[in-house]
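Structure file input-v9.csv (CSV, C-alpha atoms) is printed below.
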```
chain,number,residue,atom,x,y,z
A,529,MET,CA,163.0,63.2,152.8
A,530,SER,CA,166.7,63.2,153.1
A,531,ALA,CA,168.1,65.1,156.0
A,532,ALA,CA,171.8,64.9,155.0
A,533,ASN,CA,173.7,68.2,155.1
A,534,THR,CA,170.7,70.3,155.9
A,535,ASN,CA,171.4,74.0,156.3
A,536,LEU,CA,169.2,75.7,158.9
A,537,GLY,CA,169.6,78.8,161.0
A,538,VAL,CA,168.2,81.6,163.1
A,539,ALA,CA,168.3,85.2,162.1
A,540,GLY,CA,168.1,88.2,164.4
A,541,ASN,CA,169.9,91.2,165.8
A,542,PRO,CA,171.3,90.6,168.4
A,543,ILE,CA,171.5,86.8,168.1
A,544,ALA,CA,174.6,85.6,170.1
A,545,HIS,CA,172.3,84.8,173.1
A,546,SER,CA,170.0,82.5,171.1
A,547,MET,CA,169.7,78.9,172.3
A,548,SER,CA,168.2,77.8,169.0
A,549,PRO,CA,171.3,76.0,167.8
A,550,ASP,CA,171.5,74.0,171.0
A,551,ILE,CA,167.8,73.0,170.6
A,552,HIS,CA,167.9,72.1,166.9
A,553,HIS,CA,171.2,70.2,167.1
A,554,GLY,CA,169.7,68.3,170.0
A,555,PHE,CA,166.6,67.4,167.9
A,556,ALA,CA,168.9,66.4,165.0
A,557,ARG,CA,171.0,64.1,167.2
A,558,SER,CA,167.8,62.4,168.6
A,559,LEU,CA,166.6,61.7,165.0
A,560,GLY,CA,169.9,60.9,163.4
A,561,HIS,CA,169.8,63.9,161.1
A,562,ASP,CA,172.8,65.7,159.8
A,563,VAL,CA,171.9,69.4,160.4
A,564,ASP,CA,174.1,72.5,160.3
A,565,TYR,CA,172.1,75.2,162.3
A,566,GLN,CA,173.8,78.6,162.6
A,567,ARG,CA,173.2,81.9,164.3
A,568,LEU,CA,172.9,84.7,161.6
A,569,CYS,CA,173.2,88.3,162.7
A,570,PHE,CA,171.7,90.3,159.9
A,571,PRO,CA,172.2,94.1,159.7
A,572,LEU,CA,169.1,96.0,160.9
A,573,ASP,CA,168.6,97.2,157.3
A,574,GLY,CA,169.7,94.0,155.7
A,575,PHE,CA,167.1,91.3,156.4
A,576,ASP,CA,165.9,90.8,152.8
A,577,ALA,CA,169.5,90.6,151.4
A,578,GLY,CA,170.5,88.1,154.2
A,579,VAL,CA,167.5,85.9,153.6
A,580,ARG,CA,168.1,85.8,149.8
A,581,GLU,CA,171.7,84.8,150.3
A,582,PHE,CA,170.8,82.1,152.8
A,583,PHE,CA,168.3,80.4,150.5
A,584,ALA,CA,170.4,81.0,147.4
A,585,THR,CA,173.3,79.1,149.0
A,586,GLY,CA,171.2,76.1,149.8
A,587,GLY,CA,169.5,77.0,153.0
A,588,LEU,CA,166.3,75.0,153.7
A,589,GLY,CA,164.8,76.7,156.7
A,590,LEU,CA,165.3,79.8,158.9
A,591,ASN,CA,164.0,80.8,162.3
A,592,VAL,CA,163.4,84.5,162.7
A,593,THR,CA,163.5,86.4,165.9
A,594,VAL,CA,163.6,90.1,167.0
A,595,PRO,CA,163.5,92.5,165.3
A,596,PHE,CA,162.7,90.8,162.0
A,597,LYS,CA,159.4,88.9,162.4
A,598,ARG,CA,157.4,91.5,160.6
A,599,GLU,CA,160.0,91.7,157.8
A,600,ALA,CA,159.9,88.0,157.4
A,601,TYR,CA,156.1,88.2,157.1
A,602,GLU,CA,156.4,90.7,154.3
A,603,TYR,CA,159.2,88.7,152.6
A,604,SER,CA,157.2,85.4,152.4
A,605,ALA,CA,155.8,84.4,149.1
A,606,ARG,CA,153.0,82.5,150.9
A,607,LEU,CA,151.8,82.5,154.4
A,608,ASP,CA,150.5,79.7,156.7
A,609,PRO,CA,147.1,80.7,158.2
A,610,LEU,CA,148.6,81.1,161.7
A,611,ALA,CA,151.3,83.5,160.3
A,612,ALA,CA,148.6,85.5,158.5
A,613,ALA,CA,146.6,85.8,161.7
A,614,ALA,CA,149.7,86.7,163.7
A,615,GLY,CA,150.9,89.3,161.2
A,616,ALA,CA,154.4,88.0,161.9
A,617,VAL,CA,156.6,85.1,160.8
A,618,ASN,CA,159.1,83.2,163.0
A,619,THR,CA,159.8,80.4,160.5
A,620,LEU,CA,160.7,80.5,156.9
A,621,ALA,CA,160.9,77.4,154.7
A,622,MET,CA,162.0,76.9,151.1
A,623,GLN,CA,159.1,74.8,149.6
A,624,HIS,CA,158.7,74.1,145.8
A,625,ASP,CA,161.1,77.0,145.0
A,626,GLU,CA,159.3,79.6,147.1
A,627,VAL,CA,159.7,80.9,150.6
A,628,VAL,CA,156.8,80.1,152.8
A,629,GLY,CA,156.2,81.9,156.1
A,630,TYR,CA,154.9,80.2,159.3
A,631,ASN,CA,154.4,81.3,162.9
A,632,THR,CA,154.9,78.5,165.4
A,633,ASP,CA,155.0,80.6,168.6
A,634,GLY,CA,151.4,80.0,169.6
A,635,ILE,CA,151.6,76.3,168.8
A,636,GLY,CA,154.6,76.1,171.1
A,637,LEU,CA,152.6,77.8,173.9
A,638,VAL,CA,149.6,75.6,173.6
A,639,ARG,CA,151.7,72.4,173.5
A,640,ASP,CA,153.8,73.4,176.5
A,641,LEU,CA,150.6,74.2,178.5
A,642,GLU,CA,148.6,71.2,177.5
A,643,ASP,CA,151.2,68.5,177.0
A,644,ARG,CA,153.9,69.4,179.5
A,645,HIS,CA,152.0,71.1,182.2
A,646,GLN,CA,148.6,69.4,181.8
A,647,VAL,CA,146.6,72.6,181.6
A,648,LYS,CA,143.3,72.0,179.9
A,649,LEU,CA,142.6,75.1,177.7
A,650,SER,CA,139.2,74.0,176.2
A,651,GLY,CA,136.4,76.1,177.8
A,652,ILE,CA,138.5,78.3,180.1
A,653,GLU,CA,138.9,82.1,180.2
A,654,VAL,CA,142.4,83.6,179.5
A,655,LEU,CA,143.8,87.0,180.5
A,656,VAL,CA,146.7,88.1,178.3
A,657,LEU,CA,148.9,91.0,179.6
A,658,GLY,CA,150.2,93.1,176.7
A,659,ALA,CA,149.0,93.7,173.1
A,660,GLY,CA,152.2,93.6,171.1
A,661,GLY,CA,153.5,91.1,168.6
A,662,ALA,CA,153.9,88.4,171.2
A,663,CYS,CA,150.2,88.6,172.1
A,664,GLN,CA,149.2,88.7,168.5
A,665,GLY,CA,151.1,85.5,167.8
A,666,ILE,CA,149.3,83.4,170.5
A,667,VAL,CA,145.6,84.5,170.1
A,668,GLN,CA,144.6,82.3,167.2
A,669,PRO,CA,146.3,79.1,168.6
A,670,LEU,CA,144.5,79.8,171.9
A,671,LEU,CA,141.2,80.1,170.0
A,672,ASP,CA,142.0,76.9,168.1
A,673,ALA,CA,142.6,75.2,171.5
A,674,GLY,CA,139.0,76.0,172.5
A,675,VAL,CA,139.3,78.8,175.1
A,676,ARG,CA,136.0,80.4,175.9
A,677,LYS,CA,137.2,84.0,176.4
A,678,ILE,CA,140.3,86.0,175.9
A,679,THR,CA,140.8,89.4,177.6
A,680,ILE,CA,143.7,91.5,176.4
A,681,ALA,CA,144.9,94.0,178.9
A,682,ASN,CA,147.4,96.6,177.7
A,683,ARG,CA,148.9,99.9,179.0
A,684,THR,CA,147.4,101.6,176.0
A,685,LEU,CA,143.8,100.6,175.5
A,686,ALA,CA,143.8,101.7,171.9
A,687,LYS,CA,146.5,99.1,171.1
A,688,ALA,CA,144.4,96.3,172.6
A,689,VAL,CA,141.4,97.4,170.7
A,690,GLU,CA,143.5,97.5,167.5
A,691,LEU,CA,144.4,93.9,168.1
A,692,VAL,CA,140.8,92.9,168.6
A,693,ASN,CA,139.9,94.7,165.4
A,694,HIS,CA,142.7,92.8,163.6
A,695,PHE,CA,140.8,89.6,164.2
A,696,ARG,CA,137.6,91.2,162.9
A,697,VAL,CA,139.4,92.0,159.7
A,698,LEU,CA,140.2,88.3,159.4
A,699,GLY,CA,136.5,87.7,158.9
A,700,ARG,CA,135.0,87.5,162.3
A,701,GLU,CA,131.9,89.5,163.1
A,702,THR,CA,132.2,92.2,165.8
A,703,PHE,CA,129.7,93.5,168.2
A,704,GLY,CA,131.0,96.8,169.7
A,705,SER,CA,134.4,98.3,169.6
A,706,GLU,CA,135.9,96.2,172.3
A,707,THR,CA,134.0,92.9,172.3
A,708,LEU,CA,134.3,90.3,169.6
A,709,PRO,CA,132.4,87.0,169.5
A,710,VAL,CA,134.0,84.6,167.2
A,711,SER,CA,133.6,80.9,166.2
A,712,SER,CA,136.5,78.7,167.0
A,713,PRO,CA,137.2,74.9,166.6
A,714,GLN,CA,138.4,72.7,169.4
A,715,SER,CA,142.0,71.8,169.6
A,716,ALA,CA,143.2,70.0,166.5
A,717,SER,CA,144.4,67.1,168.7
A,718,SER,CA,140.8,66.4,169.8
A,719,GLY,CA,139.6,65.9,166.3
A,720,GLN,CA,136.3,67.5,167.2
A,721,GLY,CA,134.9,70.7,165.9
A,722,SER,CA,132.9,73.3,167.9
A,723,HIS,CA,131.4,76.6,166.9
A,724,SER,CA,130.5,78.1,170.3
A,725,ALA,CA,130.9,81.8,170.7
A,726,VAL,CA,134.3,83.0,172.0
A,727,ILE,CA,134.6,86.5,173.4
A,728,ILE,CA,137.7,88.6,172.9
A,729,GLU,CA,137.7,91.9,174.8
A,730,ALA,CA,140.2,94.7,175.5
A,731,LEU,CA,141.0,96.3,178.8
A,732,ASP,CA,143.3,99.1,180.0
A,733,LEU,CA,145.8,97.6,182.5
A,734,THR,CA,144.6,100.0,185.1
A,735,GLN,CA,141.1,98.4,184.8
A,736,LEU,CA,142.4,95.1,186.2
A,737,ALA,CA,142.1,96.3,189.8
A,738,THR,CA,138.4,97.0,189.4
A,739,SER,CA,137.3,94.5,186.8
A,740,SER,CA,135.5,91.3,187.7
A,741,LEU,CA,137.8,88.7,186.0
A,742,ASN,CA,137.0,85.0,185.9
A,743,ALA,CA,140.2,84.0,184.0
A,744,GLN,CA,141.7,80.7,185.1
A,745,LEU,CA,144.9,81.4,183.1
A,746,VAL,CA,147.0,84.7,183.0
A,747,ILE,CA,149.7,85.0,180.3
A,748,ASN,CA,152.3,87.7,180.4
A,749,SER,CA,153.2,88.7,176.8
A,750,THR,CA,154.7,92.1,177.8
A,751,ALA,CA,158.4,93.0,177.7
A,752,ILE,CA,158.6,93.1,181.5
A,753,GLY,CA,161.4,90.6,181.2
A,754,LEU,CA,163.5,93.1,179.2
A,755,ASP,CA,162.5,96.1,181.3
A,756,GLN,CA,165.1,97.7,183.6
A,757,ASN,CA,162.2,98.7,185.8
A,758,ALA,CA,160.6,95.2,186.0
A,759,ALA,CA,159.9,95.5,189.7
A,760,LYS,CA,158.1,98.8,189.2
A,761,ALA,CA,156.0,97.4,186.3
A,762,LEU,CA,155.0,94.3,188.4
A,763,HIS,CA,154.1,96.5,191.4
A,764,SER,CA,151.5,98.3,189.2
A,765,LEU,CA,149.6,95.0,188.8
A,766,PRO,CA,146.9,94.1,191.3
A,767,ALA,CA,148.3,92.2,194.2
A,768,ASN,CA,145.6,89.5,193.9
A,769,LEU,CA,145.9,89.1,190.1
A,770,ALA,CA,147.8,85.8,190.4
A,771,LYS,CA,146.1,84.3,193.4
A,772,GLY,CA,144.6,81.0,192.7
A,773,ARG,CA,145.3,81.2,189.0
A,774,ILE,CA,147.7,79.5,186.6
A,775,CYS,CA,150.2,82.1,185.4
A,776,TYR,CA,152.5,81.8,182.4
A,777,ASP,CA,155.3,84.1,181.4
A,778,LEU,CA,156.4,84.1,177.8
A,779,SER,CA,159.9,85.1,179.0
A,780,TYR,CA,162.1,82.4,180.5
A,781,GLY,CA,165.1,82.0,182.7
A,782,ALA,CA,166.4,85.2,184.4
A,783,GLN,CA,164.0,87.3,182.5
A,784,ALA,CA,160.9,85.5,183.8
A,785,HIS,CA,160.1,88.2,186.3
A,786,PHE,CA,156.3,87.8,186.0
A,787,ALA,CA,156.5,84.0,186.7
A,788,ARG,CA,158.5,84.6,189.9
A,789,TRP,CA,156.1,87.5,190.9
A,790,ALA,CA,153.1,85.2,190.3
A,791,ASP,CA,154.6,82.4,192.4
A,792,VAL,CA,155.2,84.8,195.3
A,793,HIS,CA,151.6,86.1,194.9
A,794,GLN,CA,150.0,82.7,195.4
A,795,ALA,CA,149.5,81.6,191.8
A,796,SER,CA,148.2,78.0,191.8
A,797,GLN,CA,150.9,77.3,189.3
A,798,ALA,CA,153.5,79.5,187.6
A,799,PHE,CA,155.5,78.7,184.5
A,800,ASP,CA,158.1,80.4,182.5
A,801,GLY,CA,158.3,80.2,178.7
A,802,LEU,CA,161.2,77.8,178.3
A,803,GLY,CA,158.9,75.0,177.2
A,804,MET,CA,157.2,77.3,174.7
A,805,LEU,CA,160.7,78.1,173.2
A,806,VAL,CA,161.4,74.4,172.8
A,807,GLU,CA,158.0,73.5,171.5
A,808,GLN,CA,157.9,76.2,168.9
A,809,ALA,CA,161.3,75.1,167.7
A,810,ALA,CA,160.0,71.5,167.4
A,811,ALA,CA,157.1,72.7,165.3
A,812,SER,CA,159.6,74.6,163.0
A,813,TYR,CA,161.8,71.5,162.8
A,814,ALA,CA,158.8,69.4,161.7
A,815,ILE,CA,158.0,71.9,158.9
A,816,TRP,CA,161.6,71.6,157.6
A,817,MET,CA,162.3,68.0,158.2
A,818,ALA,CA,158.9,66.4,157.9
A,819,LYS,CA,159.3,64.8,161.3
A,820,ARG,CA,158.5,66.2,164.7
A,821,PRO,CA,161.2,65.5,167.3
A,822,SER,CA,160.6,64.5,170.9
A,823,THR,CA,161.2,67.6,173.1
A,824,GLU,CA,161.5,66.5,176.7
A,825,SER,CA,165.2,65.6,176.8
A,826,VAL,CA,166.1,69.0,175.2
A,827,TYR,CA,163.8,70.8,177.5
A,828,GLN,CA,165.3,69.1,180.6
A,829,GLN,CA,168.9,69.9,179.4
A,830,LEU,CA,168.0,73.6,179.0
A,831,ARG,CA,166.2,73.7,182.3
A,832,GLY,CA,169.2,72.3,184.1
A,833,ARG,CA,171.4,74.9,182.5
A,834,LEU,CA,169.1,77.8,183.3
A,835,GLY,CA,168.1,76.6,186.8
```
File written out as C-alpha cells:
Amino acid sequence: MSAANTNLGVAGNPIAHSMSPDIHHGFARSLGHDVDYQRLCFPLDGFDAGVREFFATGGLGLNVTVPFKREAYEYSARLDPLAAAAGAVNTLAMQHDEVVGYNTDGIGLVRDLEDRHQVKLSGIEVLVLGAGGACQGIVQPLLDAGVRKITIANRTLAKAVELVNHFRVLGRETFGSETLPVSSPQSASSGQGSHSAVIIEALDLTQLATSSLNAQLVINSTAIGLDQNAAKALHSLPANLAKGRICYDLSYGAQAHFARWADVHQASQAFDGLGMLVEQAAASYAIWMAKRPSTESVYQQLRGRLG
C-alpha cells in the first residue's frame, strides 16, 4: 500500500490539546511514510458534515475523540467487533468506498499493560472504577486478554448494571441482574483459545469499603482527572483500595490524579494512561497504513515532555 500524501486527522471539540499529530507524525517518520495528520475541530452539531467533507476530499483515516465517539459509531457503515461491543468508535477508515468504524482504546490498554509494563492479564481479577464510555471500551479487550473476573464499580449502580446488561445483549448468558458469566478466549497473542467462565459484576462505589475484593488490578476509567474536585473524589475511595495492587489510570500527565493517589497509598505499581494513548494510536495507524509502528521512541518522547 502506498503511503504517499496520506491525509489523516483527529476530530474532537475541543481538540487543540491533542497530542495525536505528534504521535502519528512520529510513527510516519519512523516508517518513512508521507503523512499529513491534522487536528479538526468540528462544531458540536456538525460531526456528520465534517466527516463527509474529510473523506470526500481524500481523507483516509480519522481518529475521533470527545465528544464524538458515539456519533462516529452511528456514522459508520460497518463496525469492527470491538467497536460494536464498545458502542463507540475512536477510529474511522475509508475502506472499499465505505467508512468502517473501529475502537482501539481497549487494545491500547492491553498492549500497554502486557507489553510495556509486563502485567500478565490472563487469569487475574480486575476492578474498574466508573461505568461510562471509557469503561465500555475496555471491557471486551480485557475479556479477550483472558481476565477471570471484572468488577465494575460506579457511583450509580444502575449504570454499572446497564453496562453488564449491554454485554448480555451481545449474546452472553446472564445469571442474575448483576452477575454475568461469559466465555472468553485467551489473548490473541497467545494463539490459544479458552472457554472458562468469566464473571462480570456490578457494584456501587460505596460498597468498595465493605466488599471482599480479590482484584490484582484496579483501573480508573472515571473522569476524576477532569474533575475540579479530584481530591474530594479520591478521598471517598477506601484508603486501602490501592495497597498491594497494580493500579492504572486511563488519564495521563497532570490529569492522572488516581495514579498519584494510588502511588501514595502503597500500590505495588501505579501507571498513567500515556502508554495506552500511544498504543491505541499505533493500532489506528496499522488499520490505515497496513503496518504497525514501533511505539517506544514516541512514548519516551512524550513521557519526557510530560514528566
Quick one: residues within 6 Å of region 567-582 of chain A, only C-alpha atoms counted, chain neighbours fewer than 4 positions away excluded, as a CSV table (one decimal) with C-alpha atoms, in the frame of the given file?
```
chain,number,residue,atom,x,y,z
A,537,GLY,CA,169.6,78.8,161.0
A,538,VAL,CA,168.2,81.6,163.1
A,539,ALA,CA,168.3,85.2,162.1
A,540,GLY,CA,168.1,88.2,164.4
A,541,ASN,CA,169.9,91.2,165.8
A,543,ILE,CA,171.5,86.8,168.1
A,587,GLY,CA,169.5,77.0,153.0
```
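In this comparison, which uses all atoms listed in the file, the residue of A:Met804, A:Ala811, A:Val792, A:Ala611 approaching Val638 (chain A) most closely is A:Met804.
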Next on the checklist: Which residue is closest to Pro669 (chain A)? Choose from A:Ile635, A:Ala795, A:Met547, A:Ala556 and count all atoms listed in the file.
Outcome noted: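 So, comparing all the options, the nearest one is A:Ile635.
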Checklist entry - Looking at only C-alpha atoms, which of A:Leu588, A:Ile680, A:Ala600, A:Ile774 is the one that sits closest to Met622 (chain A)? => result A:Leu588
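Our summary of the geometry notes that CA of Leu641 (chain A) is positioned 17.7 Å from CA of Pro821 (chain A).
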Checklist entry - Out of A:Asn535, A:Arg831, A:Thr593, A:Val654, which residue has the shortest atom-to-atom distance to Gln566 (chain A) when counting all atoms listed in the file? => result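 Of A:Asn535, A:Arg831, A:Thr593, A:Val654, the one nearest Gln566 (chain A), counting all atoms listed in the file, is A:Asn535.
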Around the point (159.4, 71.9, 173.0) (coordinates from the file), which residues reach within 7 Å if we count all atoms listed in the file? Answer as a PDB file with C-alpha atoms, in the frame of the given file.
```pdb
ATOM      1  CA  GLY A 636     154.600  76.100 171.100  1.00  0.00           C
ATOM      2  CA  ASP A 640     153.800  73.400 176.500  1.00  0.00           C
ATOM      3  CA  GLY A 803     158.900  75.000 177.200  1.00  0.00           C
ATOM      4  CA  MET A 804     157.200  77.300 174.700  1.00  0.00           C
ATOM      5  CA  LEU A 805     160.700  78.100 173.200  1.00  0.00           C
ATOM      6  CA  VAL A 806     161.400  74.400 172.800  1.00  0.00           C
ATOM      7  CA  GLU A 807     158.000  73.500 171.500  1.00  0.00           C
ATOM      8  CA  GLN A 808     157.900  76.200 168.900  1.00  0.00           C
ATOM      9  CA  ALA A 809     161.300  75.100 167.700  1.00  0.00           C
ATOM     10  CA  ALA A 810     160.000  71.500 167.400  1.00  0.00           C
ATOM     11  CA  THR A 823     161.200  67.600 173.100  1.00  0.00           C
ATOM     12  CA  GLU A 824     161.500  66.500 176.700  1.00  0.00           C
ATOM     13  CA  TYR A 827     163.800  70.800 177.500  1.00  0.00           C
TER      14      TYR A 827
END
```
Checklist entry - Of the candidates A:Met817, A:Ala616, A:Ala798, A:Ala659, which one gets nearest to His561 (chain A) if we count all atoms listed in the file? => result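 Between A:Met817, A:Ala616, A:Ala798, A:Ala659, the residue approaching His561 (chain A) most closely is A:Met817.
The space between CA of Ile728 (chain A) and CA of Ala784 (chain A) spans 25.8 Å.
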Given the block above, output region 665-678 of chain A with N, CA and C atoms as a short mmCIF file (atom, residue, chain, number, x, y, z; two decimals), in the first residue's frame.
```
data_model
loop_
_atom_site.label_atom_id
_atom_site.label_comp_id
_atom_site.auth_asym_id
_atom_site.auth_seq_id
_atom_site.Cartn_x
_atom_site.Cartn_y
_atom_site.Cartn_z
N GLY A 665 -15.39 0.74 26.58
CA GLY A 665 -14.43 0.50 25.52
C GLY A 665 -13.33 -0.49 25.88
N ILE A 666 -13.12 -0.76 27.19
CA ILE A 666 -12.01 -1.64 27.58
C ILE A 666 -12.46 -3.01 28.04
N VAL A 667 -13.77 -3.22 28.27
CA VAL A 667 -14.23 -4.50 28.81
C VAL A 667 -13.92 -5.67 27.88
N GLN A 668 -14.32 -5.57 26.61
CA GLN A 668 -14.12 -6.71 25.71
C GLN A 668 -12.65 -7.04 25.51
N PRO A 669 -11.78 -6.05 25.29
CA PRO A 669 -10.36 -6.40 25.17
C PRO A 669 -9.79 -7.05 26.43
N LEU A 670 -10.27 -6.65 27.61
CA LEU A 670 -9.83 -7.31 28.84
C LEU A 670 -10.29 -8.76 28.85
N LEU A 671 -11.53 -9.00 28.43
CA LEU A 671 -12.02 -10.37 28.31
C LEU A 671 -11.18 -11.16 27.32
N ASP A 672 -10.87 -10.55 26.19
CA ASP A 672 -10.08 -11.23 25.17
C ASP A 672 -8.67 -11.54 25.67
N ALA A 673 -8.18 -10.74 26.63
CA ALA A 673 -6.86 -10.99 27.21
C ALA A 673 -6.89 -12.09 28.25
N GLY A 674 -8.09 -12.60 28.58
CA GLY A 674 -8.20 -13.75 29.46
C GLY A 674 -8.40 -13.46 30.93
N VAL A 675 -8.83 -12.23 31.29
CA VAL A 675 -9.07 -11.97 32.72
C VAL A 675 -10.17 -12.90 33.23
N ARG A 676 -10.11 -13.22 34.51
CA ARG A 676 -11.06 -14.18 35.09
C ARG A 676 -12.33 -13.51 35.60
N LYS A 677 -12.19 -12.27 36.05
CA LYS A 677 -13.34 -11.58 36.63
C LYS A 677 -13.17 -10.08 36.45
N ILE A 678 -14.25 -9.39 36.11
CA ILE A 678 -14.27 -7.93 36.04
C ILE A 678 -15.37 -7.43 36.96
#
```
